[in-house]
Structures are given as structure tokens and as C-alpha cells.
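Coordinates as given in run-v3.txt (compact mmCIF, C-alpha atoms):
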```txt
# COMPACT_ATOMS: atom_id res chain seq x y z
CA MET A 24 97.26 112.87 138.06
CA GLN A 25 97.26 115.27 135.13
CA LEU A 26 99.69 114.57 132.32
CA THR A 27 100.92 117.82 130.86
CA LEU A 28 102.96 118.63 127.81
CA GLU A 29 103.36 122.02 126.18
CA ASN A 30 99.70 122.90 126.65
CA PRO A 31 98.77 122.05 130.23
CA GLN A 32 95.41 123.79 130.46
CA ASN A 33 94.22 123.60 126.85
CA THR A 34 94.91 127.35 126.70
CA LYS A 35 94.92 127.35 122.90
CA SER A 36 91.45 125.84 122.71
CA ASP A 37 89.71 129.11 121.90
CA THR A 38 91.78 129.67 118.79
CA LEU A 39 92.99 126.28 117.56
CA PRO A 40 91.30 122.90 117.14
CA PHE A 41 92.76 120.08 119.20
CA SER A 42 95.44 118.13 117.36
CA ARG A 43 98.78 116.35 117.73
CA ASN A 44 100.44 119.69 118.56
CA ASN A 45 97.55 120.88 120.70
CA PRO A 46 96.22 117.75 122.45
CA PHE A 47 92.96 117.65 124.36
CA GLN A 48 93.10 116.74 128.05
CA ALA A 49 90.57 113.89 128.07
CA LYS A 50 89.15 112.82 131.41
CA VAL A 51 89.41 109.10 132.22
CA LEU A 52 85.89 107.77 132.87
CA LYS A 53 86.76 104.09 133.25
CA ASN A 54 89.95 102.02 133.41
CA ILE A 55 89.53 98.27 133.97
CA ASN A 56 91.47 95.07 133.31
CA LEU A 57 89.62 92.87 130.80
CA ASN A 58 91.62 89.73 131.54
CA GLY A 59 90.47 87.21 134.12
CA THR A 60 92.30 85.54 137.00
CA GLY A 61 95.26 83.44 135.88
CA SER A 62 95.86 85.30 132.62
CA SER A 63 99.47 86.09 131.69
CA LYS A 64 98.21 89.27 130.03
CA GLU A 65 96.80 92.57 131.22
CA THR A 66 94.51 94.36 128.78
CA ARG A 67 93.04 97.68 129.85
CA HIS A 68 89.65 98.90 128.66
CA ILE A 69 89.82 102.69 128.95
CA GLU A 70 86.94 105.09 128.40
CA LEU A 71 87.77 108.77 127.90
CA SER A 72 85.53 111.81 127.72
CA LEU A 73 85.72 113.98 124.59
CA LYS A 74 83.10 116.42 125.93
CA ASP A 75 83.69 120.01 124.71
CA SER A 76 86.69 118.90 122.61
CA GLY A 77 85.10 119.19 119.17
CA LEU A 78 86.95 115.97 118.29
CA SER A 79 85.23 113.35 116.18
CA TYR A 80 86.30 110.03 114.71
CA ALA A 81 85.10 107.23 112.46
CA PRO A 82 85.39 103.45 113.00
CA GLY A 83 88.93 102.47 112.03
CA ASP A 84 90.57 105.69 113.23
CA ALA A 85 93.22 105.80 115.97
CA LEU A 86 93.66 107.86 119.12
CA GLY A 87 97.05 109.35 119.85
CA ILE A 88 98.19 109.63 123.47
CA ILE A 89 101.18 111.75 124.46
CA PRO A 90 102.59 109.78 127.40
CA GLU A 91 104.95 110.48 130.27
CA ASN A 92 107.97 108.39 131.18
CA ASP A 93 108.05 106.23 134.30
CA PRO A 94 109.00 108.47 137.27
CA GLU A 95 111.08 105.62 138.75
CA LEU A 96 113.19 105.40 135.59
CA VAL A 97 113.65 109.19 135.60
CA ALA A 98 114.70 109.09 139.27
CA THR A 99 117.21 106.29 138.60
CA LEU A 100 118.75 108.26 135.73
CA THR A 101 119.18 111.46 137.75
CA GLU A 102 120.52 109.64 140.82
CA GLU A 103 123.05 107.45 138.99
CA MET A 104 124.35 110.36 136.91
CA GLU A 105 124.29 112.67 139.97
CA TRP A 106 122.34 115.20 137.96
CA ASP A 107 120.49 118.14 139.47
CA GLU A 108 116.84 117.47 138.63
CA GLU A 109 116.12 121.18 139.10
CA ALA A 110 118.69 122.16 136.47
CA VAL A 111 117.22 124.15 133.56
CA VAL A 112 117.79 122.54 130.15
CA ILE A 113 117.04 123.68 126.61
CA VAL A 114 114.74 121.13 124.95
CA ASN A 115 114.44 122.26 121.32
CA LYS A 116 115.84 124.45 118.56
CA GLN A 117 113.47 127.25 119.53
CA GLY A 118 115.32 127.52 122.83
CA ASP A 119 112.40 126.47 125.05
CA THR A 120 113.49 125.35 128.50
CA LEU A 121 112.26 122.93 131.16
CA LEU A 122 113.57 121.68 134.49
CA LEU A 123 115.59 118.50 133.90
CA LYS A 124 113.13 116.28 135.79
CA GLU A 125 110.21 117.59 133.73
CA ALA A 126 112.16 117.32 130.47
CA LEU A 127 113.03 113.67 131.16
CA THR A 128 109.47 112.91 132.25
CA THR A 129 107.34 114.70 129.67
CA TYR A 130 109.47 115.83 126.73
CA PHE A 131 112.18 113.33 125.79
CA GLU A 132 112.15 109.71 124.63
CA ILE A 133 114.37 107.88 127.15
CA THR A 134 113.37 104.25 126.56
CA LEU A 135 114.63 103.97 122.97
CA LEU A 136 118.20 104.09 121.68
CA THR A 137 119.26 104.89 118.13
CA ARG A 138 122.55 104.58 116.29
CA LYS A 139 122.64 108.36 116.01
CA ILE A 140 122.47 108.78 119.81
CA LEU A 141 125.40 106.41 120.33
CA GLN A 142 127.42 107.98 117.51
CA GLN A 143 127.00 111.41 119.07
CA ALA A 144 127.52 110.18 122.65
CA VAL A 145 131.02 109.01 121.77
CA ALA A 146 132.20 112.63 122.10
CA TYR A 147 131.44 112.57 125.84
CA THR A 148 133.35 109.47 126.95
CA ASP A 149 136.71 107.77 126.51
CA ASN A 150 135.13 104.34 126.77
CA GLU A 151 136.90 102.11 124.24
CA LYS A 152 133.95 99.74 123.81
CA LEU A 153 131.75 102.57 122.57
CA GLN A 154 134.54 104.01 120.39
CA LYS A 155 134.81 100.62 118.71
CA LEU A 156 131.05 99.99 118.50
CA VAL A 157 130.34 103.16 116.48
CA LEU A 158 132.90 102.37 113.78
CA ALA A 159 131.35 101.95 110.33
CA GLU A 160 132.43 98.31 110.05
CA ASN A 161 130.50 97.48 113.25
CA ALA A 162 127.12 98.76 111.99
CA ASN A 163 125.37 95.43 112.66
CA GLN A 164 126.70 95.20 116.24
CA LEU A 165 125.60 98.82 116.83
CA LYS A 166 122.10 98.06 115.59
CA GLU A 167 122.00 94.93 117.75
CA TYR A 168 123.12 96.90 120.83
CA CYS A 169 120.34 99.47 120.36
CA TYR A 170 117.62 96.81 120.17
CA GLY A 171 115.83 96.48 123.51
CA ARG A 172 118.13 98.93 125.33
CA ASP A 173 117.52 102.46 126.58
CA LEU A 174 119.32 105.59 127.76
CA LEU A 175 120.05 104.14 131.20
CA ASP A 176 121.73 101.10 129.61
CA MET A 177 123.96 103.34 127.50
CA LEU A 178 124.94 105.54 130.45
CA ARG A 179 125.75 102.49 132.60
CA ASP A 180 127.62 100.60 129.89
CA PHE A 181 129.89 103.29 128.50
CA GLY A 182 130.89 105.63 131.32
CA PRO A 183 132.52 107.49 132.90
CA TRP A 184 130.86 110.45 131.18
CA LYS A 185 132.32 113.90 130.59
CA ALA A 186 128.97 115.49 129.79
CA SER A 187 126.59 117.92 131.43
CA GLU A 188 122.86 117.31 131.78
CA GLN A 189 122.35 119.60 128.78
CA GLU A 190 124.78 117.69 126.57
CA ILE A 191 123.11 114.35 127.30
CA VAL A 192 119.54 115.57 126.77
CA SER A 193 120.63 117.23 123.52
CA LEU A 194 121.22 113.70 122.18
CA LEU A 195 117.60 112.68 122.76
CA ARG A 196 114.56 112.72 120.52
CA LYS A 197 111.24 114.29 121.41
CA MET A 198 108.64 111.92 122.86
CA THR A 199 106.46 110.47 120.10
CA PRO A 200 102.72 109.98 120.60
CA ARG A 201 101.50 106.38 120.88
CA LEU A 202 98.63 105.49 118.55
CA TYR A 203 95.87 103.04 119.50
CA SER A 204 93.01 101.72 117.37
CA ILE A 205 89.77 103.21 118.67
CA ALA A 206 87.49 100.57 120.22
CA SER A 207 84.20 102.45 120.14
CA SER A 208 81.69 104.04 117.80
CA LEU A 209 81.13 107.76 118.40
CA THR A 210 77.53 107.34 117.25
CA ALA A 211 76.98 104.67 119.91
CA ASN A 212 79.01 106.55 122.57
CA PRO A 213 78.57 110.32 122.07
CA ASP A 214 81.37 112.42 123.62
CA GLU A 215 83.41 109.30 124.41
CA VAL A 216 86.30 107.31 123.00
CA HIS A 217 87.25 103.80 124.17
CA LEU A 218 90.63 102.05 123.90
CA THR A 219 91.84 98.46 124.34
CA ILE A 220 95.48 98.58 125.47
CA GLY A 221 97.69 95.59 126.28
CA ALA A 222 100.22 96.37 129.03
CA VAL A 223 103.71 95.67 127.67
CA ARG A 224 106.07 94.25 130.31
CA TYR A 225 109.17 92.15 129.66
CA THR A 226 112.68 91.45 130.93
CA VAL A 227 115.71 91.84 128.69
CA HIS A 228 119.41 92.58 129.31
CA ASN A 229 118.88 91.85 133.02
CA ARG A 230 116.31 94.59 133.52
CA ASP A 231 112.53 94.69 133.72
CA ARG A 232 111.10 96.91 130.98
CA ASN A 233 107.72 98.56 130.56
CA GLY A 234 105.91 100.00 127.56
CA VAL A 235 105.92 103.77 128.10
CA CYS A 236 102.25 104.41 127.38
CA SER A 237 100.69 101.00 128.03
CA VAL A 238 102.06 100.68 131.56
CA LEU A 239 101.30 104.36 132.26
CA CYS A 240 97.68 103.48 131.43
CA ALA A 241 97.78 100.21 133.37
CA ASP A 242 99.54 101.39 136.55
CA ARG A 243 99.41 105.15 136.94
CA VAL A 244 96.31 106.55 135.23
CA LYS A 245 93.24 106.47 137.45
CA GLU A 246 89.61 107.36 136.82
CA GLY A 247 89.26 111.15 137.02
CA ASP A 248 92.80 111.77 135.70
CA THR A 249 93.35 113.26 132.26
CA LEU A 250 95.38 112.14 129.25
CA PRO A 251 96.55 114.41 126.38
CA VAL A 252 94.95 112.97 123.24
CA PHE A 253 94.22 113.66 119.57
CA VAL A 254 92.46 111.78 116.77
CA GLN A 255 94.53 110.23 113.97
CA VAL A 256 92.43 109.54 110.88
CA ASN A 257 93.09 106.17 109.23
CA LYS A 258 92.20 106.41 105.54
CA HIS A 259 93.22 102.79 104.93
CA PHE A 260 90.94 101.06 107.45
CA TYR A 261 87.23 101.78 107.28
CA LEU A 262 83.79 100.20 107.03
CA PRO A 263 82.17 99.68 103.60
CA GLU A 264 80.17 102.67 102.42
CA PHE A 265 77.11 100.50 101.88
CA LYS A 266 75.50 98.87 104.92
CA ASP A 267 74.46 95.75 102.99
CA LYS A 268 78.06 94.60 102.46
CA ASP A 269 79.36 91.60 104.42
CA ILE A 270 82.45 92.03 106.62
CA ILE A 271 84.94 89.45 107.91
CA MET A 272 87.13 90.61 110.82
CA VAL A 273 90.23 88.88 112.19
CA GLY A 274 91.40 90.44 115.44
CA PRO A 275 93.04 88.32 118.15
CA GLY A 276 93.97 89.96 121.47
CA THR A 277 93.97 93.76 121.36
CA GLY A 278 93.34 93.43 117.60
CA ILE A 279 89.66 93.26 118.61
CA ALA A 280 89.67 97.05 119.22
CA PRO A 281 88.57 98.46 115.83
CA PHE A 282 86.12 95.61 115.33
CA ARG A 283 84.30 96.52 118.54
CA SER A 284 83.96 99.95 116.90
CA PHE A 285 82.76 98.39 113.61
CA ILE A 286 80.16 96.19 115.35
CA GLN A 287 78.83 99.05 117.52
CA GLU A 288 78.49 101.29 114.46
CA ARG A 289 76.68 98.66 112.40
CA ALA A 290 74.34 97.92 115.31
CA ILE A 291 73.33 101.60 115.52
CA TYR A 292 72.77 101.89 111.77
CA LYS A 293 71.08 98.47 111.55
CA ALA A 294 73.39 97.31 108.75
CA THR A 295 71.87 94.51 106.70
CA GLY A 296 75.22 93.02 105.67
CA ARG A 297 76.47 89.96 107.54
CA SER A 298 79.45 90.13 109.90
CA TRP A 299 81.90 87.42 110.93
CA LEU A 300 84.51 87.81 113.67
CA PHE A 301 87.54 85.60 114.29
CA PHE A 302 88.94 86.26 117.76
CA GLY A 303 91.90 84.61 119.48
CA GLY A 304 93.66 84.52 122.83
CA GLN A 305 95.52 82.13 125.13
CA HIS A 306 92.75 80.91 127.47
CA ALA A 307 88.99 81.13 126.94
CA ALA A 308 88.35 81.56 130.67
CA ALA A 309 90.73 84.51 131.14
CA ASP A 310 91.46 86.06 127.74
CA PHE A 311 88.14 86.29 125.88
CA LEU A 312 88.03 90.09 125.64
CA TYR A 313 84.52 91.61 125.51
CA GLN A 314 83.03 88.09 125.54
CA ASN A 315 79.64 89.06 127.00
CA GLU A 316 79.26 92.00 124.60
CA LEU A 317 80.17 89.91 121.57
CA GLU A 318 77.87 87.04 122.50
CA LYS A 319 75.01 89.52 123.04
CA TYR A 320 75.66 91.00 119.57
CA GLN A 321 75.54 87.47 118.18
CA GLN A 322 72.24 86.74 119.95
CA ASP A 323 70.82 90.00 118.59
CA GLY A 324 71.90 89.11 115.05
CA VAL A 325 74.29 92.06 114.76
CA LEU A 326 77.23 89.64 114.66
CA THR A 327 76.39 86.79 112.29
CA ARG A 328 79.27 84.49 113.22
CA LEU A 329 81.80 84.42 116.05
CA ASP A 330 84.70 81.95 115.82
CA SER A 331 87.25 81.92 118.61
CA ALA A 332 90.62 80.19 118.97
CA PHE A 333 92.38 79.79 122.33
CA SER A 334 95.90 78.54 121.81
CA ARG A 335 96.70 77.29 125.32
CA ASP A 336 93.47 75.38 125.96
CA THR A 337 94.30 72.44 123.68
CA ALA A 338 97.22 70.03 123.25
CA HIS A 339 97.89 71.49 119.79
CA LYS A 340 97.91 75.27 119.59
CA VAL A 341 94.93 76.58 117.65
CA TYR A 342 95.07 80.11 116.20
CA VAL A 343 92.67 82.28 114.21
CA GLN A 344 94.17 81.17 110.89
CA HIS A 345 93.31 77.53 111.76
CA LYS A 346 89.68 78.56 112.31
CA MET A 347 89.71 80.25 108.91
CA LEU A 348 90.99 77.08 107.25
CA GLU A 349 88.36 74.97 109.07
CA ASN A 350 85.66 77.22 107.58
CA SER A 351 87.31 77.68 104.19
CA LYS A 352 84.26 76.84 102.06
CA GLU A 353 81.95 79.34 103.77
CA LEU A 354 84.72 81.93 104.00
CA PHE A 355 85.29 81.76 100.24
CA ASN A 356 81.54 82.01 99.61
CA TRP A 357 81.51 85.25 101.62
CA LEU A 358 84.43 86.60 99.56
CA GLU A 359 82.72 85.65 96.32
CA ASN A 360 79.64 87.51 97.60
CA GLY A 361 81.74 90.69 97.88
CA ALA A 362 82.68 90.56 101.58
CA TYR A 363 85.30 92.96 102.95
CA PHE A 364 88.16 91.25 104.84
CA TYR A 365 89.96 92.97 107.74
CA ILE A 366 92.99 92.09 109.87
CA CYS A 367 94.08 93.94 112.99
CA GLY A 368 96.94 93.09 115.35
CA ASP A 369 100.46 91.69 115.33
CA LYS A 370 102.32 92.40 112.09
CA GLU A 371 105.25 90.04 112.60
CA HIS A 372 103.44 86.72 112.96
CA MET A 373 99.64 86.81 113.07
CA ALA A 374 99.04 89.06 110.05
CA LYS A 375 101.44 87.01 107.91
CA ASP A 376 99.84 83.73 108.99
CA VAL A 377 96.32 85.06 108.33
CA ASN A 378 97.37 86.37 104.92
CA GLU A 379 98.85 82.96 104.09
CA ALA A 380 95.67 81.18 105.27
CA LEU A 381 93.54 83.53 103.18
CA ILE A 382 95.53 82.73 100.04
CA SER A 383 95.20 79.00 100.85
CA VAL A 384 91.40 79.35 101.20
CA ILE A 385 91.14 81.17 97.85
CA GLU A 386 93.48 78.64 96.20
CA LYS A 387 91.59 75.59 97.51
CA GLU A 388 87.98 76.73 97.28
CA GLY A 389 88.44 78.73 94.08
CA GLY A 390 90.34 75.91 92.39
CA LEU A 391 93.11 78.36 91.57
CA ALA A 392 96.87 78.14 91.20
CA ARG A 393 98.90 79.94 93.88
CA ASP A 394 99.72 82.95 91.70
CA ALA A 395 96.05 83.27 90.64
CA ALA A 396 94.98 83.16 94.32
CA GLU A 397 97.50 85.90 95.11
CA ALA A 398 96.13 87.95 92.18
CA TYR A 399 92.57 87.44 93.53
CA LEU A 400 93.68 88.87 96.90
CA LYS A 401 95.53 91.74 95.26
CA ASP A 402 92.37 92.58 93.32
CA MET A 403 90.41 92.62 96.60
CA GLN A 404 93.01 94.99 98.03
CA GLN A 405 92.71 97.35 95.05
CA GLN A 406 88.92 97.39 95.52
CA GLY A 407 89.43 98.32 99.19
CA ARG A 408 88.01 94.93 100.25
CA TYR A 409 91.20 93.69 101.96
CA GLN A 410 92.37 96.05 104.70
CA ARG A 411 95.01 95.68 107.41
CA ASP A 412 95.72 97.64 110.59
CA VAL A 413 98.87 95.93 111.85
CA TYR A 414 101.61 96.94 114.27
```
With the file now loaded, output its structure as C-alpha cells.
Amino acid sequence: MQLTLENPQNTKSDTLPFSRNNPFQAKVLKNINLNGTGSSKETRHIELSLKDSGLSYAPGDALGIIPENDPELVATLTEEMEWDEEAVVIVNKQGDTLLLKEALTTYFEITLLTRKILQQAVAYTDNEKLQKLVLAENANQLKEYCYGRDLLDMLRDFGPWKASEQEIVSLLRKMTPRLYSIASSLTANPDEVHLTIGAVRYTVHNRDRNGVCSVLCADRVKEGDTLPVFVQVNKHFYLPEFKDKDIIMVGPGTGIAPFRSFIQERAIYKATGRSWLFFGGQHAAADFLYQNELEKYQQDGVLTRLDSAFSRDTAHKVYVQHKMLENSKELFNWLENGAYFYICGDKEHMAKDVNEALISVIEKEGGLARDAAEAYLKDMQQQGRYQRDVY
């Protein structure tokens, strides 16, 4: 399988460097599931070749993938709407054209709805529910409808439609690249880039849903296939300039990705600073990502401390923030010694809970009032010693 978009054979490579608008077709060298039997999760470890790309990256950077939509979803759309998949449609303001099937597969975002799409779609149907939904006073209901729904939901819910294939695709946005924290050091893995991708699958509004890029990588991309990629520099998430600085990393689940990169890099350069990793998952037996690697790094002294929390293995759920609080005295000593503190992973819950735990540690061990503890953390942030890569 070769994913293609705009630049199928890297034809611009002689004149332009590879980038978001001119992605490199990276060959898949390895694609394995990191989770064990009985896990409710599926996390793919993917290794890609960057040979002859000229691309480089630093620990903390991200890799962009330009994905394709699920062919089954595309087929359902064209069948239910009785569209001609061979119809030629204009896809952008420049007047470029694609066959409808290709446009829906490679060019347009079809799994996300926006208020703008619904507001414009009203012109192509007499459906009273939609007419009412897009009224200004129903802004909250419109926002609520968009959440978790896609183009197929809209077409099913508000027909019959008086629109051509062209009119419907003209409502859609261009596919956006998906960014993933890089899970490797280029120094340790020349000409390669590794990713740690959790397959997103869920059921909502009576339909099974899949993450566009994550399930593409989990189900449809095989070793030997290529993926269109580019490097996205992350200026706000990086290792300390000096190798003698201590680092504390909190990365449960796929949040481990950049820290695998950090640890590999520091192993190569024989960093003298200490390193401490907090990792979390549901079950130690099935969800301890990169366990053997991490334990080997600990044995070799590259990783000074490794604290893990597995929430479903105990009567009371234990998370990474609980492990931080258990080790508050030593954690604060590391901070006082100038350690850099990093968080990667879920923005909604984990990152907030870890931030709260960090303030509590500073408050308790530093003998500070809450506002002084918050100021301490803000000062760390201004020094570049508190960094977050959350999503």
C-alpha cells in the first residue's frame, strides 16, 4: 500500500526539501503491537526509514503523517448518496481536480464536522431539523451535534439532499496532518524515526468510530508500505543543553514516546545528569510499554529511577501523580538541584492532575503557601525547566 497525496513519487525532491507541503514517502520497517494479551488498548510501535530524505529531528520533535480515510467509510458515503465515485470534482481554489473516490480518500476531512459545514449545508436540503439547528439562538445545540459526528451522520440525519457531489465536497476542509511525538533518537537510530501510536476506536451515536491516522497505522499499513511524512520542530519541548542536568519525565501510555527519545539520546552522549521516569498504564502484564528496554536502561545506569503505576492492578486506582506524591521529598530535592520536569500525554486529565501533584509537592516539601508554590513552578517554566507536550 502506498499512501499518496499531491506528490506521489517525491517528484519535487530534486528541487525542494521535504516538508508539510512536500512530504517524504517513508518506508515502514516495523509495525508491531506493544500491548500484551488481555489489554484493552492497542499501541503500535512503528519504525520508518528516512534514508535519502535529508530529514533530521531532535528529541522532543514531532513527526507529521498525512493520512488517508478509511476506504469502507468512503464506500458507504458514495453508496448511500448514490454518487459516482469516478466523477471529477474540484478540490481547491486553484481548480485542481480529483476523482471523487480519491478526493474523499486522500484529500478531504470526512470524519469531523464543524458548525460552518452545517451552516452551509442548509442550502442543499429542506430538512426542518437542520434549518432550526443552524439558527443563531441554537449555537450550543449546533456545537453539541458536531461533537463526535462526521459527514456520514450529517448526510443521514438531514436528507433528502438536493446537492451534487461537487456541492457536498465543497463544504469540506482539507485533510490535516496528524502529529506524533517522535519516540527515537536520530543519533541512536541513523536514517530512522520511531513512533508510538495508540489506536483510537470507540462507539458513539450508534456507530463504531476509528481515529483516521491511528487505525490506518494499526490496521492497514504493513511493513514495506510507505507513509507521507514530515518533521515538525517542537521549540517548547527539548532536552537541557547541558548533559549534567537532571531530568524528571512523566509519560503514561503513549506519553512515553518522547522520553524514549530522551533516554536514547542521553545514553549515546553518556549524559552525567540523573533521569527519573514515571510511567503509567492499566495493567503491568499487558500495558508496560517498552518495559524490557526501560529496565535495561535502568540496569545500565542510564535511567536512574523508574516508577510505574498500573491503575487496574489494585483495589484503589493508582496513577502517576500518586507515585509523585509518594516520592515527594526526593522529587523536591531533584527540583531544588535544578532538575528539568517534563509531562507528555493526555491534556484533559493526566496533565492537570500531574500539575496539581507537582504544586502539592513543592508546597509540602518547600514549606510554602499555595501561591508561593505556584510561583515556584511558574519560575521553573520561565527558566525552561517545566515543559509540557500535551494533547
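Nearest residue to Lys152 of chain A, choosing from A:Tyr170, A:Phe282, A:Phe181, A:Tyr409 and counting all atoms listed in the file: A:Phe181.
Between atom CA of Leu175 of chain A and atom CA of Leu195 of chain A there is a distance of 12.3 Å.
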Between A:Phe265, A:Tyr80, A:Phe253, A:Tyr414, which one has atoms that come closest to Pro200 of chain A, using all atoms listed in the file?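 For Pro200 of chain A, the nearest of the candidates is A:Phe253.
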Quick one: distance from atom CA of Glu246 of chain A to atom CA of Asn233 of chain A in Å, one decimal? 21.1 Å
Between A:Asn315, A:Thr137, A:Asn229, A:Asn56, which is the closest to Lys166 of chain A once you count all atoms listed in the file?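 Selected residue with least distance to Lys166 of chain A: A:Thr137.
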I'd like the interatomic distance between atom CA of Ala380 of chain A and atom CA of His345 of chain A, to a tenth of an Å.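 Answer for the atom CA of Ala380 of chain A to atom CA of His345 of chain A separation: 7.8 Å.
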Using only C-alpha atoms: which of A:Gln321, A:Gln344, A:Asn92, A:Ser204 has the shortest distance to Ala290 of chain A: A:Gln321
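Using only C-alpha atoms, the smallest distance between any of A:Leu122, A:Ala159, A:Leu239, A:Ile220 and Ile89 of chain A comes from A:Leu239.
If all atoms listed in the file are the atoms counted, then among A:Gly247, A:Met104, A:Asp267, A:Gly234 the closest residue to Met177 of chain A is A:Met104.
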Residues within 12 Å of Leu194 of chain A, please, as a PyMOL selection string. Count all atoms listed in the file; anything in the same chain fewer than 3 positions from it doesn't count. chain A and resi 113-115+131-133+135-147+174+177+186-191+197
Let's have the selection written as an mmCIF file, in the frame of the given file, with C-alpha atoms.
```cif
data_model
loop_
_atom_site.group_PDB
_atom_site.id
_atom_site.type_symbol
_atom_site.label_atom_id
_atom_site.label_comp_id
_atom_site.auth_asym_id
_atom_site.auth_seq_id
_atom_site.Cartn_x
_atom_site.Cartn_y
_atom_site.Cartn_z
ATOM 1 C CA ILE A 113 117.040 123.680 126.610
ATOM 2 C CA VAL A 114 114.740 121.130 124.950
ATOM 3 C CA ASN A 115 114.440 122.260 121.320
ATOM 4 C CA PHE A 131 112.180 113.330 125.790
ATOM 5 C CA GLU A 132 112.150 109.710 124.630
ATOM 6 C CA ILE A 133 114.370 107.880 127.150
ATOM 7 C CA LEU A 135 114.630 103.970 122.970
ATOM 8 C CA LEU A 136 118.200 104.090 121.680
ATOM 9 C CA THR A 137 119.260 104.890 118.130
ATOM 10 C CA ARG A 138 122.550 104.580 116.290
ATOM 11 C CA LYS A 139 122.640 108.360 116.010
ATOM 12 C CA ILE A 140 122.470 108.780 119.810
ATOM 13 C CA LEU A 141 125.400 106.410 120.330
ATOM 14 C CA GLN A 142 127.420 107.980 117.510
ATOM 15 C CA GLN A 143 127.000 111.410 119.070
ATOM 16 C CA ALA A 144 127.520 110.180 122.650
ATOM 17 C CA VAL A 145 131.020 109.010 121.770
ATOM 18 C CA ALA A 146 132.200 112.630 122.100
ATOM 19 C CA TYR A 147 131.440 112.570 125.840
ATOM 20 C CA LEU A 174 119.320 105.590 127.760
ATOM 21 C CA MET A 177 123.960 103.340 127.500
ATOM 22 C CA ALA A 186 128.970 115.490 129.790
ATOM 23 C CA SER A 187 126.590 117.920 131.430
ATOM 24 C CA GLU A 188 122.860 117.310 131.780
ATOM 25 C CA GLN A 189 122.350 119.600 128.780
ATOM 26 C CA GLU A 190 124.780 117.690 126.570
ATOM 27 C CA ILE A 191 123.110 114.350 127.300
ATOM 28 C CA LYS A 197 111.240 114.290 121.410
#
```
Residues near Val244 of chain A, cut-off 12 Å, all atoms listed in the file, skip fewer than 4 positions along chain, as a PDB file with C-alpha atoms, in the frame of the given file:
```pdb
ATOM      1  CA  MET A  24      97.260 112.870 138.060  1.00  0.00           C
ATOM      2  CA  GLN A  25      97.260 115.270 135.130  1.00  0.00           C
ATOM      3  CA  LEU A  26      99.690 114.570 132.320  1.00  0.00           C
ATOM      4  CA  ALA A  49      90.570 113.890 128.070  1.00  0.00           C
ATOM      5  CA  LYS A  50      89.150 112.820 131.410  1.00  0.00           C
ATOM      6  CA  VAL A  51      89.410 109.100 132.220  1.00  0.00           C
ATOM      7  CA  LEU A  52      85.890 107.770 132.870  1.00  0.00           C
ATOM      8  CA  LYS A  53      86.760 104.090 133.250  1.00  0.00           C
ATOM      9  CA  ASN A  54      89.950 102.020 133.410  1.00  0.00           C
ATOM     10  CA  ILE A  55      89.530  98.270 133.970  1.00  0.00           C
ATOM     11  CA  ARG A  67      93.040  97.680 129.850  1.00  0.00           C
ATOM     12  CA  ILE A  69      89.820 102.690 128.950  1.00  0.00           C
ATOM     13  CA  GLU A  70      86.940 105.090 128.400  1.00  0.00           C
ATOM     14  CA  LEU A  71      87.770 108.770 127.900  1.00  0.00           C
ATOM     15  CA  PRO A  90     102.590 109.780 127.400  1.00  0.00           C
ATOM     16  CA  GLU A  91     104.950 110.480 130.270  1.00  0.00           C
ATOM     17  CA  ASP A  93     108.050 106.230 134.300  1.00  0.00           C
ATOM     18  CA  CYS A 236     102.250 104.410 127.380  1.00  0.00           C
ATOM     19  CA  SER A 237     100.690 101.000 128.030  1.00  0.00           C
ATOM     20  CA  VAL A 238     102.060 100.680 131.560  1.00  0.00           C
ATOM     21  CA  LEU A 239     101.300 104.360 132.260  1.00  0.00           C
ATOM     22  CA  CYS A 240      97.680 103.480 131.430  1.00  0.00           C
ATOM     23  CA  ASP A 248      92.800 111.770 135.700  1.00  0.00           C
ATOM     24  CA  THR A 249      93.350 113.260 132.260  1.00  0.00           C
ATOM     25  CA  LEU A 250      95.380 112.140 129.250  1.00  0.00           C
ATOM     26  CA  PRO A 251      96.550 114.410 126.380  1.00  0.00           C
TER      27      PRO A 251
END
```
Give as number ranges by chain each residue that has an atom at most 12 Å from (90.0, 79.6, 129.9) in the file, counting only C-alpha atoms. A: 58-63, 303-312, 314, 331-337
Please tabulate, as a tab-separated table, the residues of segment 208-327 of chain A that come within 12 Å of segment 346-358 of chain A, each with its closest pair of atoms and the distance in Å to one decimal, counting all atoms listed in the file and ordering rows by chain, then residue number upward.
```
residue	atom	partner	partner_atom	distance
A:Lys268	CA	A:Trp357	CA	10.0
A:Asp269	CA	A:Trp357	CA	7.3
A:Ile270	CA	A:Trp357	CA	8.5
A:Ile271	CA	A:Trp357	CA	8.3
A:Met272	CA	A:Met347	CA	10.8
A:Val273	CA	A:Met347	CA	9.2
A:Pro275	CA	A:Lys346	CA	11.9
A:Gly296	CA	A:Trp357	CA	10.8
A:Arg297	CA	A:Trp357	CA	9.1
A:Ser298	CA	A:Trp357	CA	9.8
A:Trp299	CA	A:Leu354	CA	9.3
A:Leu300	CA	A:Met347	CA	10.3
A:Phe301	CA	A:Lys346	CA	7.6
A:Phe302	CA	A:Lys346	CA	9.5
A:Gly303	CA	A:Lys346	CA	9.6
A:Thr327	CA	A:Trp357	CA	11.9
```
Written selection (C-alpha atoms) as a tab-separated table (two decimals), in the frame of the given file:
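Writing done, so here's result.tsv:
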```
chain	number	residue	atom	x	y	z
A	268	LYS	CA	78.06	94.60	102.46
A	269	ASP	CA	79.36	91.60	104.42
A	270	ILE	CA	82.45	92.03	106.62
A	271	ILE	CA	84.94	89.45	107.91
A	272	MET	CA	87.13	90.61	110.82
A	273	VAL	CA	90.23	88.88	112.19
A	275	PRO	CA	93.04	88.32	118.15
A	296	GLY	CA	75.22	93.02	105.67
A	297	ARG	CA	76.47	89.96	107.54
A	298	SER	CA	79.45	90.13	109.90
A	299	TRP	CA	81.90	87.42	110.93
A	300	LEU	CA	84.51	87.81	113.67
A	301	PHE	CA	87.54	85.60	114.29
A	302	PHE	CA	88.94	86.26	117.76
A	303	GLY	CA	91.90	84.61	119.48
A	327	THR	CA	76.39	86.79	112.29
```
Do you know which residues are at most 7 Å from Thr277 of chain A counting all atoms listed in the file, after dropping those on the same chain fewer than 6 positions away, and could you put them as a list in words?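 Final neighbour list, sorted by chain and number: Thr219, Ile220, Gly221 and Gly368 of chain A.
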